[in-house]
>>> print(open('protein03.txt').read())   # compact mmCIF, N, CA, C and O atoms
# COMPACT_ATOMS: atom_id res chain seq x y z
N MET A 19 -6.57 22.64 5.57
CA MET A 19 -6.26 22.85 6.96
C MET A 19 -5.11 21.94 7.37
O MET A 19 -5.04 20.81 6.91
N ARG A 20 -4.26 22.46 8.21
CA ARG A 20 -3.13 21.66 8.69
C ARG A 20 -3.49 20.95 10.00
O ARG A 20 -4.09 21.54 10.89
N TYR A 21 -3.10 19.68 10.04
CA TYR A 21 -3.34 18.84 11.21
C TYR A 21 -2.02 18.21 11.64
O TYR A 21 -1.18 17.87 10.81
N LYS A 22 -1.89 18.00 12.95
CA LYS A 22 -0.73 17.32 13.51
C LYS A 22 -1.19 15.98 14.07
O LYS A 22 -2.21 15.90 14.76
N ILE A 23 -0.44 14.92 13.76
CA ILE A 23 -0.76 13.59 14.28
C ILE A 23 -0.49 13.59 15.78
O ILE A 23 0.63 13.87 16.22
N ILE A 24 -1.53 13.28 16.58
CA ILE A 24 -1.35 13.31 18.04
C ILE A 24 -1.50 11.94 18.69
O ILE A 24 -1.16 11.78 19.85
N ASP A 25 -2.02 10.95 17.95
CA ASP A 25 -2.18 9.62 18.54
C ASP A 25 -2.27 8.58 17.43
O ASP A 25 -2.69 8.88 16.32
N VAL A 26 -1.86 7.37 17.77
CA VAL A 26 -1.91 6.23 16.85
C VAL A 26 -2.51 5.07 17.62
O VAL A 26 -2.16 4.83 18.77
N TYR A 27 -3.44 4.34 16.99
CA TYR A 27 -3.99 3.15 17.64
C TYR A 27 -4.34 2.10 16.59
O TYR A 27 -4.46 2.40 15.41
N LEU A 28 -4.47 0.86 17.05
CA LEU A 28 -4.84 -0.24 16.16
C LEU A 28 -6.32 -0.55 16.29
O LEU A 28 -6.86 -0.62 17.39
N GLN A 29 -6.97 -0.73 15.15
CA GLN A 29 -8.37 -1.16 15.11
C GLN A 29 -8.44 -2.26 14.06
O GLN A 29 -8.21 -2.01 12.89
N GLN A 30 -8.72 -3.47 14.47
CA GLN A 30 -8.79 -4.63 13.58
C GLN A 30 -7.51 -4.76 12.76
O GLN A 30 -7.54 -4.91 11.54
N ASN A 31 -6.37 -4.67 13.43
CA ASN A 31 -5.03 -4.81 12.84
C ASN A 31 -4.70 -3.75 11.80
O ASN A 31 -3.84 -3.95 10.95
N VAL A 32 -5.39 -2.62 11.83
CA VAL A 32 -5.12 -1.51 10.92
C VAL A 32 -4.75 -0.29 11.77
O VAL A 32 -5.45 0.03 12.73
N LYS A 33 -3.64 0.37 11.41
CA LYS A 33 -3.26 1.57 12.15
C LYS A 33 -4.17 2.72 11.78
O LYS A 33 -4.43 2.97 10.60
N ARG A 34 -4.64 3.40 12.80
CA ARG A 34 -5.45 4.60 12.60
C ARG A 34 -4.78 5.74 13.35
O ARG A 34 -4.12 5.52 14.37
N TYR A 35 -4.94 6.92 12.83
CA TYR A 35 -4.26 8.08 13.37
C TYR A 35 -5.27 9.15 13.75
O TYR A 35 -6.23 9.39 13.02
N ILE A 36 -5.05 9.77 14.89
CA ILE A 36 -5.86 10.91 15.30
C ILE A 36 -5.01 12.16 15.09
O ILE A 36 -3.85 12.21 15.50
N ALA A 37 -5.60 13.14 14.41
CA ALA A 37 -4.89 14.37 14.13
C ALA A 37 -5.70 15.56 14.65
O ALA A 37 -6.93 15.53 14.64
N LYS A 38 -4.98 16.58 15.12
CA LYS A 38 -5.61 17.79 15.66
C LYS A 38 -5.29 18.97 14.75
O LYS A 38 -4.16 19.14 14.32
N CYS A 39 -6.30 19.77 14.48
CA CYS A 39 -6.13 20.96 13.65
C CYS A 39 -5.22 21.95 14.37
O CYS A 39 -5.33 22.15 15.58
N LEU A 40 -4.30 22.55 13.64
CA LEU A 40 -3.36 23.49 14.24
C LEU A 40 -3.95 24.89 14.43
O LEU A 40 -3.36 25.72 15.11
N LYS A 41 -5.11 25.14 13.85
CA LYS A 41 -5.80 26.41 14.03
C LYS A 41 -7.18 26.14 14.61
O LYS A 41 -7.71 25.05 14.44
N PRO A 42 -7.76 27.11 15.29
CA PRO A 42 -9.09 26.89 15.88
C PRO A 42 -10.19 26.90 14.82
O PRO A 42 -10.90 27.88 14.66
N GLN A 43 -10.29 25.81 14.06
CA GLN A 43 -11.32 25.67 13.03
C GLN A 43 -12.03 24.34 13.24
O GLN A 43 -11.60 23.49 13.98
N SER A 44 -13.13 24.17 12.55
CA SER A 44 -13.89 22.94 12.67
C SER A 44 -13.68 22.09 11.43
O SER A 44 -13.66 22.61 10.32
N PRO A 45 -13.52 20.79 11.54
CA PRO A 45 -13.43 20.01 12.77
C PRO A 45 -12.04 20.09 13.39
O PRO A 45 -11.04 20.17 12.68
N GLN A 46 -11.98 20.04 14.70
CA GLN A 46 -10.73 20.14 15.42
C GLN A 46 -9.92 18.84 15.36
O GLN A 46 -8.71 18.87 15.37
N PHE A 47 -10.61 17.69 15.31
CA PHE A 47 -9.95 16.39 15.31
C PHE A 47 -10.48 15.53 14.16
O PHE A 47 -11.66 15.60 13.83
N ILE A 48 -9.59 14.72 13.59
CA ILE A 48 -10.00 13.76 12.57
C ILE A 48 -9.33 12.42 12.86
O ILE A 48 -8.26 12.38 13.47
N VAL A 49 -9.97 11.36 12.42
CA VAL A 49 -9.40 10.02 12.48
C VAL A 49 -9.14 9.61 11.04
O VAL A 49 -10.04 9.72 10.19
N ILE A 50 -7.92 9.16 10.75
CA ILE A 50 -7.58 8.79 9.39
C ILE A 50 -6.92 7.42 9.34
O ILE A 50 -6.36 6.96 10.33
N GLU A 51 -7.00 6.79 8.18
CA GLU A 51 -6.22 5.60 7.84
C GLU A 51 -5.34 6.00 6.67
O GLU A 51 -5.76 6.74 5.79
N SER A 52 -4.12 5.50 6.67
CA SER A 52 -3.21 5.79 5.57
C SER A 52 -2.33 4.59 5.32
O SER A 52 -1.95 3.88 6.25
N SER A 53 -2.00 4.37 4.06
CA SER A 53 -1.07 3.29 3.74
C SER A 53 0.36 3.68 4.11
O SER A 53 1.22 2.83 4.23
N ARG A 54 0.59 4.97 4.30
CA ARG A 54 1.89 5.47 4.73
C ARG A 54 1.96 5.46 6.24
O ARG A 54 0.94 5.61 6.92
N THR A 55 3.14 5.26 6.79
CA THR A 55 3.33 5.32 8.23
C THR A 55 3.54 6.77 8.64
O THR A 55 4.41 7.46 8.11
N LEU A 56 2.68 7.23 9.54
CA LEU A 56 2.78 8.59 10.04
C LEU A 56 3.33 8.57 11.46
O LEU A 56 3.10 7.61 12.20
N CYS A 57 4.03 9.60 11.84
CA CYS A 57 4.68 9.65 13.15
C CYS A 57 3.94 10.57 14.10
O CYS A 57 3.67 11.73 13.77
N LYS A 58 3.64 10.04 15.27
CA LYS A 58 2.96 10.79 16.32
C LYS A 58 3.83 11.97 16.76
O LYS A 58 5.03 11.81 16.97
N GLU A 59 3.22 13.12 16.89
CA GLU A 59 3.84 14.37 17.34
C GLU A 59 4.87 14.94 16.37
O GLU A 59 5.46 15.97 16.66
N LEU A 60 5.12 14.31 15.23
CA LEU A 60 6.08 14.82 14.26
C LEU A 60 5.45 15.23 12.94
O LEU A 60 5.76 16.29 12.40
N ASP A 61 4.58 14.38 12.42
CA ASP A 61 4.03 14.64 11.09
C ASP A 61 2.91 15.67 11.12
O ASP A 61 2.01 15.63 11.97
N ILE A 62 2.98 16.59 10.18
CA ILE A 62 1.94 17.59 9.96
C ILE A 62 1.44 17.39 8.54
O ILE A 62 2.22 17.27 7.60
N ILE A 63 0.12 17.30 8.41
CA ILE A 63 -0.48 17.07 7.10
C ILE A 63 -1.44 18.21 6.76
O ILE A 63 -2.04 18.82 7.63
N ASP A 64 -1.55 18.49 5.47
CA ASP A 64 -2.53 19.44 4.94
C ASP A 64 -3.70 18.63 4.42
O ASP A 64 -3.52 17.80 3.53
N VAL A 65 -4.89 18.88 4.94
CA VAL A 65 -6.08 18.12 4.54
C VAL A 65 -7.07 19.04 3.84
O VAL A 65 -7.41 20.10 4.35
N ASP A 66 -7.52 18.61 2.68
CA ASP A 66 -8.60 19.29 1.96
C ASP A 66 -9.85 18.45 2.16
O ASP A 66 -9.99 17.38 1.56
N HIS A 67 -10.75 18.90 3.02
CA HIS A 67 -11.93 18.10 3.36
C HIS A 67 -12.88 17.93 2.19
O HIS A 67 -13.56 16.91 2.10
N GLN A 68 -12.94 18.88 1.28
CA GLN A 68 -13.86 18.76 0.14
C GLN A 68 -13.43 17.68 -0.82
O GLN A 68 -14.25 16.92 -1.33
N SER A 69 -12.13 17.57 -1.08
CA SER A 69 -11.65 16.54 -2.01
C SER A 69 -11.17 15.29 -1.28
O SER A 69 -10.85 14.30 -1.90
N ALA A 70 -11.11 15.35 0.07
CA ALA A 70 -10.63 14.24 0.90
C ALA A 70 -9.22 13.82 0.51
O ALA A 70 -8.88 12.64 0.52
N GLN A 71 -8.39 14.79 0.14
CA GLN A 71 -7.00 14.52 -0.18
C GLN A 71 -6.10 15.22 0.82
O GLN A 71 -6.50 16.19 1.46
N ALA A 72 -4.89 14.72 0.92
CA ALA A 72 -3.95 15.30 1.87
C ALA A 72 -2.54 15.25 1.33
O ALA A 72 -2.21 14.42 0.48
N THR A 73 -1.73 16.14 1.83
CA THR A 73 -0.30 16.14 1.55
C THR A 73 0.44 16.35 2.87
O THR A 73 -0.14 16.85 3.83
N TRP A 74 1.70 15.93 2.87
CA TRP A 74 2.52 16.29 4.00
C TRP A 74 2.78 17.79 3.90
O TRP A 74 2.60 18.38 2.83
N ALA A 75 3.20 18.41 4.97
CA ALA A 75 3.49 19.84 4.96
C ALA A 75 4.55 20.18 3.90
O ALA A 75 4.62 21.29 3.42
N THR A 76 5.34 19.18 3.51
CA THR A 76 6.37 19.38 2.48
C THR A 76 5.79 19.37 1.07
O THR A 76 6.48 19.67 0.11
N GLY A 77 4.51 18.98 0.93
CA GLY A 77 3.86 18.96 -0.38
C GLY A 77 3.72 17.58 -0.99
O GLY A 77 3.04 17.41 -1.99
N GLU A 78 4.36 16.56 -0.40
CA GLU A 78 4.27 15.20 -0.93
C GLU A 78 2.87 14.63 -0.66
O GLU A 78 2.38 14.66 0.46
N LYS A 79 2.22 14.12 -1.72
CA LYS A 79 0.88 13.56 -1.57
C LYS A 79 0.90 12.26 -0.78
O LYS A 79 1.80 11.45 -0.92
N ILE A 80 -0.13 12.08 0.05
CA ILE A 80 -0.30 10.83 0.78
C ILE A 80 -1.74 10.38 0.62
O ILE A 80 -2.66 11.19 0.64
N ALA A 81 -1.92 9.10 0.41
CA ALA A 81 -3.26 8.53 0.31
C ALA A 81 -3.79 8.33 1.72
O ALA A 81 -3.10 7.75 2.57
N LEU A 82 -4.98 8.83 1.97
CA LEU A 82 -5.57 8.62 3.28
C LEU A 82 -7.08 8.58 3.15
O LEU A 82 -7.65 8.99 2.15
N CYS A 83 -7.69 8.05 4.17
CA CYS A 83 -9.14 7.98 4.24
C CYS A 83 -9.54 8.63 5.56
O CYS A 83 -9.10 8.19 6.62
N ILE A 84 -10.37 9.68 5.49
CA ILE A 84 -10.87 10.31 6.70
C ILE A 84 -12.06 9.50 7.19
O ILE A 84 -13.06 9.38 6.49
N LEU A 85 -11.92 8.92 8.37
CA LEU A 85 -12.96 8.04 8.90
C LEU A 85 -13.98 8.77 9.76
O LEU A 85 -15.15 8.39 9.80
N ALA A 86 -13.53 9.78 10.48
CA ALA A 86 -14.41 10.52 11.38
C ALA A 86 -13.82 11.88 11.64
O ALA A 86 -12.62 12.09 11.48
N SER A 87 -14.67 12.80 12.05
CA SER A 87 -14.21 14.12 12.44
C SER A 87 -15.12 14.65 13.54
O SER A 87 -16.30 14.30 13.59
N SER A 88 -14.53 15.47 14.41
CA SER A 88 -15.30 15.99 15.53
C SER A 88 -14.58 17.19 16.12
O SER A 88 -13.37 17.36 15.94
N ASP A 89 -15.32 18.01 16.84
CA ASP A 89 -14.72 19.13 17.55
C ASP A 89 -14.34 18.76 18.97
O ASP A 89 -13.74 19.56 19.68
N SER A 90 -14.69 17.56 19.39
CA SER A 90 -14.40 17.10 20.75
C SER A 90 -13.53 15.85 20.71
O SER A 90 -13.87 14.88 20.03
N PHE A 91 -12.44 15.87 21.44
CA PHE A 91 -11.50 14.75 21.44
C PHE A 91 -12.13 13.46 21.96
O PHE A 91 -11.91 12.40 21.40
N ASP A 92 -12.94 13.55 23.01
CA ASP A 92 -13.52 12.33 23.58
C ASP A 92 -14.53 11.67 22.63
O ASP A 92 -14.73 10.46 22.70
N LYS A 93 -15.12 12.41 21.71
CA LYS A 93 -16.06 11.81 20.75
C LYS A 93 -15.36 11.05 19.64
O LYS A 93 -15.95 10.20 19.00
N ILE A 94 -14.10 11.34 19.38
CA ILE A 94 -13.35 10.67 18.32
C ILE A 94 -13.29 9.16 18.58
O ILE A 94 -13.53 8.35 17.70
N TYR A 95 -12.98 8.77 19.80
CA TYR A 95 -12.86 7.35 20.12
C TYR A 95 -14.21 6.66 20.10
O TYR A 95 -14.33 5.53 19.68
N THR A 96 -15.27 7.31 20.51
CA THR A 96 -16.58 6.67 20.53
C THR A 96 -17.19 6.56 19.14
O THR A 96 -18.01 5.69 18.91
N LEU A 97 -16.80 7.43 18.20
CA LEU A 97 -17.32 7.33 16.85
C LEU A 97 -16.91 6.04 16.16
O LEU A 97 -17.61 5.54 15.30
N ASP A 98 -15.77 5.49 16.57
CA ASP A 98 -15.23 4.32 15.90
C ASP A 98 -15.52 3.03 16.64
O ASP A 98 -15.16 1.97 16.21
N ALA A 99 -16.19 3.08 17.76
CA ALA A 99 -16.40 1.90 18.59
C ALA A 99 -17.38 0.93 18.00
O ALA A 99 -18.12 1.14 17.15
>>> encode(input="protein03.txt", output="structure tokens")
Amino acid sequence: MRYKIIDVYLQQNVKRYIAKCLKPQSPQFIVIESSRTLCKELDIIDVDHQSAQATWATGEKIALCILASSDSFDKIYTLDA
């Protein structure tokens, strides 16, 4: 599934990214950590939830960790609190 980075925030000095699915599928939102710097509103990533791997839309692999997922945007922030 393709996701677009829609927000970036710091949690314990680590950048975390919120991404929204580009199609109406579940989960609609995910929170990820990545060693790569992702750009809000620009980067689109392909996420395979079964293998927990992702690539940029260009096909370049990126290491990431999916921390949370939800169909509701307001629940994303409370899952990590």
>>> residues_around(input="protein03.txt", residues="A:Tyr35", least_positions_apart="5", cutoff="6 Å", atoms="only N, CA, C and O atoms", output="list in words")
Asp25, Val26, Tyr27, Ile48, Val49, Ile50 and Glu51 of chain A
>>> residues_around(input="protein03.txt", residues="A:Glu78", least_positions_apart="4", cutoff="8 Å", atoms="only N, CA, C and O atoms", output="number ranges by chain")
A: 62-64, 72-74
>>> select_by_dssp(input="protein03.txt", residues="stretch 28-61 of chain A", states="strand (DSSP E or B)", output="list in words")
Leu28, Gln29, Val32, Lys33, Arg34, Tyr35, Ile36, Ala37, Lys38, Cys39, Phe47, Ile48, Val49, Ile50, Glu51 and Ser52 of chain A
>>> atom_distance(input="protein03.txt", atom1="atom CA of A:Val65", atom2="atom CA of A:Gln29")
22.1 Å
>>> select_by_dssp(input="protein03.txt", residues="chain A", states="helix (DSSP H, G or I)", output="list in words")
Phe91, Asp92, Lys93, Ile94, Tyr95, Thr96 and Leu97 of chain A
>>> atom_distance(input="protein03.txt", atom1="atom O of A:Ser53", atom2="atom N of A:Cys39")
21.2 Å
>>> closest_residue(input="protein03.txt", among="A:Ala37, A:Lys79, A:Met19, A:Asn31", to="A:His67", atoms="all atoms listed in the file")
A:Met19
>>> atom_distance(input="protein03.txt", atom1="atom CA of A:Gln68", atom2="atom CA of A:Arg54")
21.1 Å
>>> closest_residue(input="protein03.txt", among="A:Ala86, A:Ala81, A:Leu40, A:Ile23", to="A:Ser52", atoms="only C-alpha atoms")
A:Ala81
>>> residues_around(input="protein03.txt", residues="A:Ser44", least_positions_apart="4", cutoff="8 Å", atoms="all atoms listed in the file", output="ChimeraX atom specification")
/A:39,87-89
>>> residues_around(input="protein03.txt", residues="A:Glu59", least_positions_apart="2", cutoff="5 Å", atoms="all atoms listed in the file", output="number ranges by chain")
A: 23-24, 57, 61
>>> build_atoms(input="protein03.txt", residues="stretch 43-54 of chain A", atoms="all heavy atoms", output="compact mmCIF listing (two decimals), keeping the file's coordinate frame")
# COMPACT_ATOMS: atom_id res chain seq x y z
N GLN A 43 -10.29 25.81 14.06
CA GLN A 43 -11.32 25.67 13.03
C GLN A 43 -12.03 24.34 13.24
O GLN A 43 -11.60 23.49 13.98
CB GLN A 43 -10.69 25.71 11.64
CG GLN A 43 -10.07 27.05 11.33
CD GLN A 43 -9.57 27.12 9.89
OE1 GLN A 43 -9.74 26.21 9.12
NE2 GLN A 43 -8.96 28.24 9.55
N SER A 44 -13.13 24.17 12.55
CA SER A 44 -13.89 22.94 12.67
C SER A 44 -13.68 22.09 11.43
O SER A 44 -13.66 22.61 10.32
CB SER A 44 -15.38 23.31 12.80
OG SER A 44 -16.15 22.17 12.97
N PRO A 45 -13.52 20.79 11.54
CA PRO A 45 -13.43 20.01 12.77
C PRO A 45 -12.04 20.09 13.39
O PRO A 45 -11.04 20.17 12.68
CB PRO A 45 -13.72 18.58 12.29
CG PRO A 45 -13.24 18.56 10.87
CD PRO A 45 -13.49 19.95 10.34
N GLN A 46 -11.98 20.04 14.70
CA GLN A 46 -10.73 20.14 15.42
C GLN A 46 -9.92 18.84 15.36
O GLN A 46 -8.71 18.87 15.37
CB GLN A 46 -10.97 20.49 16.89
CG GLN A 46 -11.14 21.96 17.12
CD GLN A 46 -9.81 22.69 17.04
OE1 GLN A 46 -9.19 22.98 18.02
NE2 GLN A 46 -9.35 22.99 15.85
N PHE A 47 -10.61 17.69 15.31
CA PHE A 47 -9.95 16.39 15.31
C PHE A 47 -10.48 15.53 14.16
O PHE A 47 -11.66 15.60 13.83
CB PHE A 47 -10.19 15.66 16.63
CG PHE A 47 -9.70 16.40 17.84
CD1 PHE A 47 -10.55 17.22 18.55
CD2 PHE A 47 -8.38 16.29 18.24
CE1 PHE A 47 -10.10 17.92 19.66
CE2 PHE A 47 -7.92 16.99 19.35
CZ PHE A 47 -8.79 17.81 20.05
N ILE A 48 -9.59 14.72 13.59
CA ILE A 48 -10.00 13.76 12.57
C ILE A 48 -9.33 12.42 12.86
O ILE A 48 -8.26 12.38 13.47
CB ILE A 48 -9.67 14.21 11.13
CG1 ILE A 48 -8.17 14.48 10.96
CG2 ILE A 48 -10.50 15.42 10.74
CD1 ILE A 48 -7.75 14.79 9.52
N VAL A 49 -9.97 11.36 12.42
CA VAL A 49 -9.40 10.02 12.48
C VAL A 49 -9.14 9.61 11.04
O VAL A 49 -10.04 9.72 10.19
CB VAL A 49 -10.35 9.01 13.15
CG1 VAL A 49 -9.74 7.60 13.11
CG2 VAL A 49 -10.64 9.41 14.58
N ILE A 50 -7.92 9.16 10.75
CA ILE A 50 -7.58 8.79 9.39
C ILE A 50 -6.92 7.42 9.34
O ILE A 50 -6.36 6.96 10.33
CB ILE A 50 -6.65 9.83 8.72
CG1 ILE A 50 -5.35 9.99 9.51
CG2 ILE A 50 -7.35 11.16 8.58
CD1 ILE A 50 -4.33 10.89 8.85
N GLU A 51 -7.00 6.79 8.18
CA GLU A 51 -6.22 5.60 7.84
C GLU A 51 -5.34 6.00 6.67
O GLU A 51 -5.76 6.74 5.79
CB GLU A 51 -7.12 4.45 7.40
CG GLU A 51 -7.76 3.69 8.49
CD GLU A 51 -8.56 2.51 7.96
OE1 GLU A 51 -8.55 2.24 6.74
OE2 GLU A 51 -9.23 1.86 8.78
N SER A 52 -4.12 5.50 6.67
CA SER A 52 -3.21 5.79 5.57
C SER A 52 -2.33 4.59 5.32
O SER A 52 -1.95 3.88 6.25
CB SER A 52 -2.36 7.01 5.91
OG SER A 52 -1.41 7.24 4.89
N SER A 53 -2.00 4.37 4.06
CA SER A 53 -1.07 3.29 3.74
C SER A 53 0.36 3.68 4.11
O SER A 53 1.22 2.83 4.23
CB SER A 53 -1.16 2.95 2.25
OG SER A 53 -0.87 4.10 1.48
N ARG A 54 0.59 4.97 4.30
CA ARG A 54 1.89 5.47 4.73
C ARG A 54 1.96 5.46 6.24
O ARG A 54 0.94 5.61 6.92
CB ARG A 54 2.10 6.91 4.24
CG ARG A 54 1.94 7.12 2.75
CD ARG A 54 3.06 6.50 1.93
NE ARG A 54 4.35 7.10 2.15
CZ ARG A 54 4.92 8.00 1.37
NH1 ARG A 54 4.28 8.44 0.31
NH2 ARG A 54 6.11 8.45 1.63
